[in-house]
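Comments concern the structure below.
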Amino acid sequence: MENNKGHLRRPHLNWCSVRLHPMEKISRKLSWQSIGYAIWLLSTAITSITSAKDQWVDYKGESGPGRGKQVVLISGDEEYRSEEALPQLAKILAEHHGFDCRVLFAIDPKTGNINPNNTHNIPGMSALDDADLIVVMLRRRDLPDADMRHVENYLESGKPVIGIRTATHSFHPEGKSKWAHYGDTYNGDNKEWAGGFGRLVLGETWINHHGNHKHESTRGIFAPGAAGNPILRGIKDGEIWGASDVYAVRLPLPGDSRPLVLGQVVARKGKYDDSDTFYGMRPDDGPPVSGAKNNPMMPIAWTKTYMVPGGRRGRAFTSTIGASVDLTNEAVRRLLVNAVYWGLGMEEKIPENGTMVDLVGKYDPTTFEFRKDEYWAKRHMALDELRSDVKGK
């Protein structure tokens, strides 16, 4: 839970109890009102126990270059399984590199379980106040004012931001929200915010699919002049691969954006299979699709600096590859972990052969797709499933 200063620490339960009279002592004349009151007391006790659980998951680092640094990873997208990808990324950062990581989730307030379709509730956003770096994998969230204030304070501080896949369209406030300028389609009076959070902070908002979704995969090719960048240490040209398709961006990217990896759109060899984790695509697929899709190739990973109005300048890294199934690729994991080091100004600590990115614990990501509320009600994805991988649990 968070203490009164918002610092991160391990979750625990505050147990409470209600003492009820033995049933044999209850008078036959006991009113229904009294029975109802007893039931209410019991339900209140159960609710108190449930609400005492933190609605996020912490992974504590022990040793490594990241010791003492706090990374907050914010999940909440309906399609690319950020609720699977970010806990694995957090475990890698904590276990292999010593970072203290907290993962936030879209939570159904009625059940306390994860439901990415809930676009209004991500408990624990106050953790941004103490974060040294945030990793964002959101899609069109409409969060309460108090939560957005934590986002704005973080961005005004100029601290580093890592954006993955749908982070380019993280927010979509409804109606006449005071946070409308964060929205991915914003084109209002605040000209600096045209295109919202994605364009201003990360370098691009949602444009469209460039590759054929679920049919053409992505191979990462080094951008011209990028091979010596520390974020690419330990990665070979062409080694990055993901089943998620290439996103379109507007060229050139804005400001001081520096493309690192270009997305080669790759034709499939095998047949489409919706029962397969990768929809029948594989890392050795090919050849590259001919024509305009690869001429020019779209950047899929780049760095830039950002500065929101009234704030300080900070570092940002964006990767439009990064669905949960993409993290089965070692080079994709290394790209993201190296980027965390770079974001924190720790690039000199990235080994020449790259960072350690071995998977931690069991990792069985599922297909990227939209899922109805009925699925999540039946799935019962409880946070305790993820806590079982925390050391000491």
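By order of appearance in the structure tokens: chains A, B, ..., then residues from 1 within every chain, and ligands from 1 in the order shown.
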Give me the residues near A:Arg102 as number ranges by chain, where near means some atom within 7 Å (using only C-alpha atoms) and where sequence neighbours in that chain fewer than 2 positions away do not count.
A: 56-59, 71-73, 100, 104
How about saving the chosen residues, N, CA and C atoms kept, as a PDB file, in the first residue's frame?
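The file below, part25.pdb, is the result:
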```pdb
ATOM      1  N   TRP A  56      -2.966  -2.661  -6.964  1.00  0.00           N
ATOM      2  CA  TRP A  56      -1.839  -2.632  -7.880  1.00  0.00           C
ATOM      3  C   TRP A  56      -0.886  -3.736  -7.425  1.00  0.00           C
ATOM      4  N   VAL A  57       0.192  -3.925  -8.167  1.00  0.00           N
ATOM      5  CA  VAL A  57       1.159  -4.965  -7.800  1.00  0.00           C
ATOM      6  C   VAL A  57       2.552  -4.358  -7.772  1.00  0.00           C
ATOM      7  N   ASP A  58       3.290  -4.632  -6.712  1.00  0.00           N
ATOM      8  CA  ASP A  58       4.659  -4.154  -6.537  1.00  0.00           C
ATOM      9  C   ASP A  58       5.658  -5.287  -6.754  1.00  0.00           C
ATOM     10  N   TYR A  59       6.721  -4.981  -7.461  1.00  0.00           N
ATOM     11  CA  TYR A  59       7.847  -5.895  -7.636  1.00  0.00           C
ATOM     12  C   TYR A  59       9.083  -5.178  -7.112  1.00  0.00           C
ATOM     13  N   VAL A  71      10.008   2.830 -10.671  1.00  0.00           N
ATOM     14  CA  VAL A  71       9.392   2.829 -11.996  1.00  0.00           C
ATOM     15  C   VAL A  71       7.925   2.465 -11.830  1.00  0.00           C
ATOM     16  N   VAL A  72       7.046   3.271 -12.375  1.00  0.00           N
ATOM     17  CA  VAL A  72       5.608   2.998 -12.345  1.00  0.00           C
ATOM     18  C   VAL A  72       5.165   2.668 -13.761  1.00  0.00           C
ATOM     19  N   LEU A  73       4.567   1.503 -13.925  1.00  0.00           N
ATOM     20  CA  LEU A  73       4.094   1.034 -15.222  1.00  0.00           C
ATOM     21  C   LEU A  73       2.573   1.072 -15.221  1.00  0.00           C
ATOM     22  N   ASP A 100      12.671  -0.766  -8.330  1.00  0.00           N
ATOM     23  CA  ASP A 100      11.410  -0.981  -7.625  1.00  0.00           C
ATOM     24  C   ASP A 100      10.288  -0.620  -8.588  1.00  0.00           C
ATOM     25  N   LEU A 104       0.198  -0.568 -12.371  1.00  0.00           N
ATOM     26  CA  LEU A 104      -1.187  -0.143 -12.180  1.00  0.00           C
ATOM     27  C   LEU A 104      -2.059  -0.768 -13.265  1.00  0.00           C
TER      28      LEU A 104
END
```
What are the nearest atom pairs, with distances in Å to one decimal, for all residues of stretch 49-165 of chain A that come at most 9 Å from stretch 198-215 of chain A, using only C-alpha atoms, set out by chain and rising residue number as CSV?
```
residue,atom,partner,partner_atom,distance
A:Leu155,CA,A:Val201,CA,8.5
A:Val161,CA,A:Leu202,CA,8.0
A:Ile162,CA,A:Leu202,CA,8.1
A:Gly163,CA,A:Leu202,CA,6.7
```
For the residues in that selection, give me all heavy atoms as a tab-separated table (two decimals), in the first residue's frame.
```tsv
chain	number	residue	atom	x	y	z
A	155	LEU	N	4.45	15.21	-15.75
A	155	LEU	CA	4.97	15.74	-17.02
A	155	LEU	C	5.60	17.11	-16.84
A	155	LEU	O	6.61	17.43	-17.47
A	155	LEU	CB	3.84	15.79	-18.05
A	155	LEU	CG	3.25	14.44	-18.46
A	155	LEU	CD1	2.10	14.65	-19.45
A	155	LEU	CD2	4.30	13.52	-19.05
A	161	VAL	N	9.51	9.48	-19.84
A	161	VAL	CA	8.30	8.75	-20.20
A	161	VAL	C	8.66	7.71	-21.27
A	161	VAL	O	9.29	8.03	-22.26
A	161	VAL	CB	7.22	9.70	-20.76
A	161	VAL	CG1	5.97	8.91	-21.14
A	161	VAL	CG2	6.89	10.80	-19.78
A	162	ILE	N	8.23	6.47	-21.03
A	162	ILE	CA	8.33	5.41	-22.03
A	162	ILE	C	6.91	5.10	-22.48
A	162	ILE	O	6.05	4.77	-21.66
A	162	ILE	CB	8.97	4.12	-21.45
A	162	ILE	CG1	10.31	4.42	-20.79
A	162	ILE	CG2	9.08	3.06	-22.53
A	162	ILE	CD1	11.39	4.85	-21.72
A	163	GLY	N	6.65	5.19	-23.78
A	163	GLY	CA	5.32	4.89	-24.31
A	163	GLY	C	5.36	3.66	-25.20
A	163	GLY	O	6.23	3.55	-26.07
```
Give the strand (DSSP E) residues of stretch 212-293 of chain A, as DSSP finds them on the backbone, and put them as a PyMOL selection string.
chain A and resi 217-222+241-242+258-266
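Candidate residues A:Ser126, A:Ser275, A:Thr168, A:Gln264 were compared for distance to A:Glu152, and the nearest is A:Ser126, using only C-alpha atoms.
In this comparison, which uses only C-alpha atoms, the residue of A:Ile235, A:Leu383, A:Ala106, A:Ala223 approaching A:Asp54 most closely is A:Leu383.
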Residues near A:Pro109, anyone? I mean within 10 Å using only C-alpha atoms, not counting same-chain ones fewer than 4 positions away, as a count of residues only.
9
For stretch 304-317 of chain A: contacts at 9 Å, only C-alpha atoms, fewer than 3 positions along chain excluded, given as a ChimeraX atom specification:
/A:152-153,155-164,192-193,200-203,254-259,301,336,339-340,342-345
Can you tell me, as JSON, numbers by chain, which residues in stretch 24-203 of chain A count as alpha helix (DSSP H) by DSSP?
{"A": [32, 33, 34, 35, 36, 37, 38, 39, 40, 41, 42, 43, 44, 45, 46, 47, 48, 49, 50, 51, 82, 83, 84, 85, 86, 87, 88, 89, 90, 91, 92, 93, 94, 95, 96, 97, 145, 146, 147, 148, 149, 150, 151, 152, 153, 154, 155, 156, 196, 197]}
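Nearest to A:Gly242 of all the residues A:Thr119, A:Thr303, A:Ser290, A:Thr328 is A:Thr328, based on only C-alpha atoms.
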If we count only C-alpha atoms, what is near A:Arg140 at a cut-off of 9 Å, once residues fewer than 4 positions away on the same chain are taken out, given as a PyMOL selection string?
chain A and resi 76-77+119+166-167+169-173+183-184
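For stretch 60-69 of chain A, the residues within 6 Å (counting only C-alpha atoms, excluding itself and residues fewer than 2 positions away along the chain) are A:Ala94, A:Glu95, A:His97, A:Gly98, A:Phe99, A:Asp100.
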Closest atom pairs, stretch 220-325 of chain A residues within 12 Å of stretch 369-372 of chain A, only C-alpha atoms, as CSV:
```
residue,atom,partner,partner_atom,distance
A:Ser244,CA,A:Glu369,CA,10.7
A:Asp274,CA,A:Glu369,CA,10.2
A:Ser275,CA,A:Glu369,CA,11.7
A:Thr277,CA,A:Glu369,CA,10.6
A:Phe278,CA,A:Glu369,CA,11.2
A:Tyr279,CA,A:Glu369,CA,10.8
A:Ala323,CA,A:Glu369,CA,10.3
A:Ser324,CA,A:Glu369,CA,11.1
A:Val325,CA,A:Glu369,CA,11.4
```
Can I get the selection written as a short mmCIF file (atom, residue, chain, number, x, y, z; two decimals), in the first residue's frame, with N, CA, C and O atoms?
```
data_model
loop_
_atom_site.label_atom_id
_atom_site.label_comp_id
_atom_site.auth_asym_id
_atom_site.auth_seq_id
_atom_site.Cartn_x
_atom_site.Cartn_y
_atom_site.Cartn_z
N SER A 244 2.40 -8.02 -33.94
CA SER A 244 1.61 -6.79 -34.11
C SER A 244 2.11 -6.04 -35.33
O SER A 244 3.29 -6.04 -35.64
N ASP A 274 -6.73 -18.10 -36.19
CA ASP A 274 -7.15 -17.28 -35.05
C ASP A 274 -7.06 -18.01 -33.72
O ASP A 274 -7.29 -17.43 -32.66
N SER A 275 -6.71 -19.29 -33.76
CA SER A 275 -6.50 -20.03 -32.51
C SER A 275 -5.04 -20.02 -32.08
O SER A 275 -4.69 -20.50 -31.00
N THR A 277 -1.48 -18.08 -31.06
CA THR A 277 -1.09 -16.86 -30.34
C THR A 277 -0.63 -15.76 -31.29
O THR A 277 -0.90 -14.58 -31.05
N PHE A 278 0.01 -16.14 -32.39
CA PHE A 278 0.54 -15.16 -33.35
C PHE A 278 -0.28 -15.11 -34.63
O PHE A 278 0.19 -14.59 -35.64
N TYR A 279 -1.48 -15.67 -34.59
CA TYR A 279 -2.37 -15.71 -35.76
C TYR A 279 -1.69 -16.37 -36.97
O TYR A 279 -1.96 -16.04 -38.11
N ALA A 323 3.04 -5.38 -28.04
CA ALA A 323 1.94 -6.18 -27.52
C ALA A 323 2.51 -7.27 -26.62
O ALA A 323 3.70 -7.60 -26.70
N SER A 324 1.68 -7.85 -25.78
CA SER A 324 2.21 -8.86 -24.85
C SER A 324 2.88 -10.01 -25.59
O SER A 324 3.91 -10.53 -25.13
N VAL A 325 2.35 -10.40 -26.75
CA VAL A 325 2.97 -11.49 -27.50
C VAL A 325 4.31 -11.06 -28.09
O VAL A 325 5.20 -11.89 -28.31
#
```
Do a neighbour search on A:Leu260 at 9 Å with only C-alpha atoms, toss out local chain neighbours closer than 5 positions, and write the hits as a VMD selection string.
chain A and resid 221 to 227 229 231 to 232 299 to 303
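Take the candidates A:Thr218, A:Asn338, A:Ser177, A:Asn117 and check each one against A:Met297 using only C-alpha atoms; the shortest distance goes to A:Thr218.
Atom CA of A:Gly238 is found 22.8 Å from atom CA of A:Arg250.
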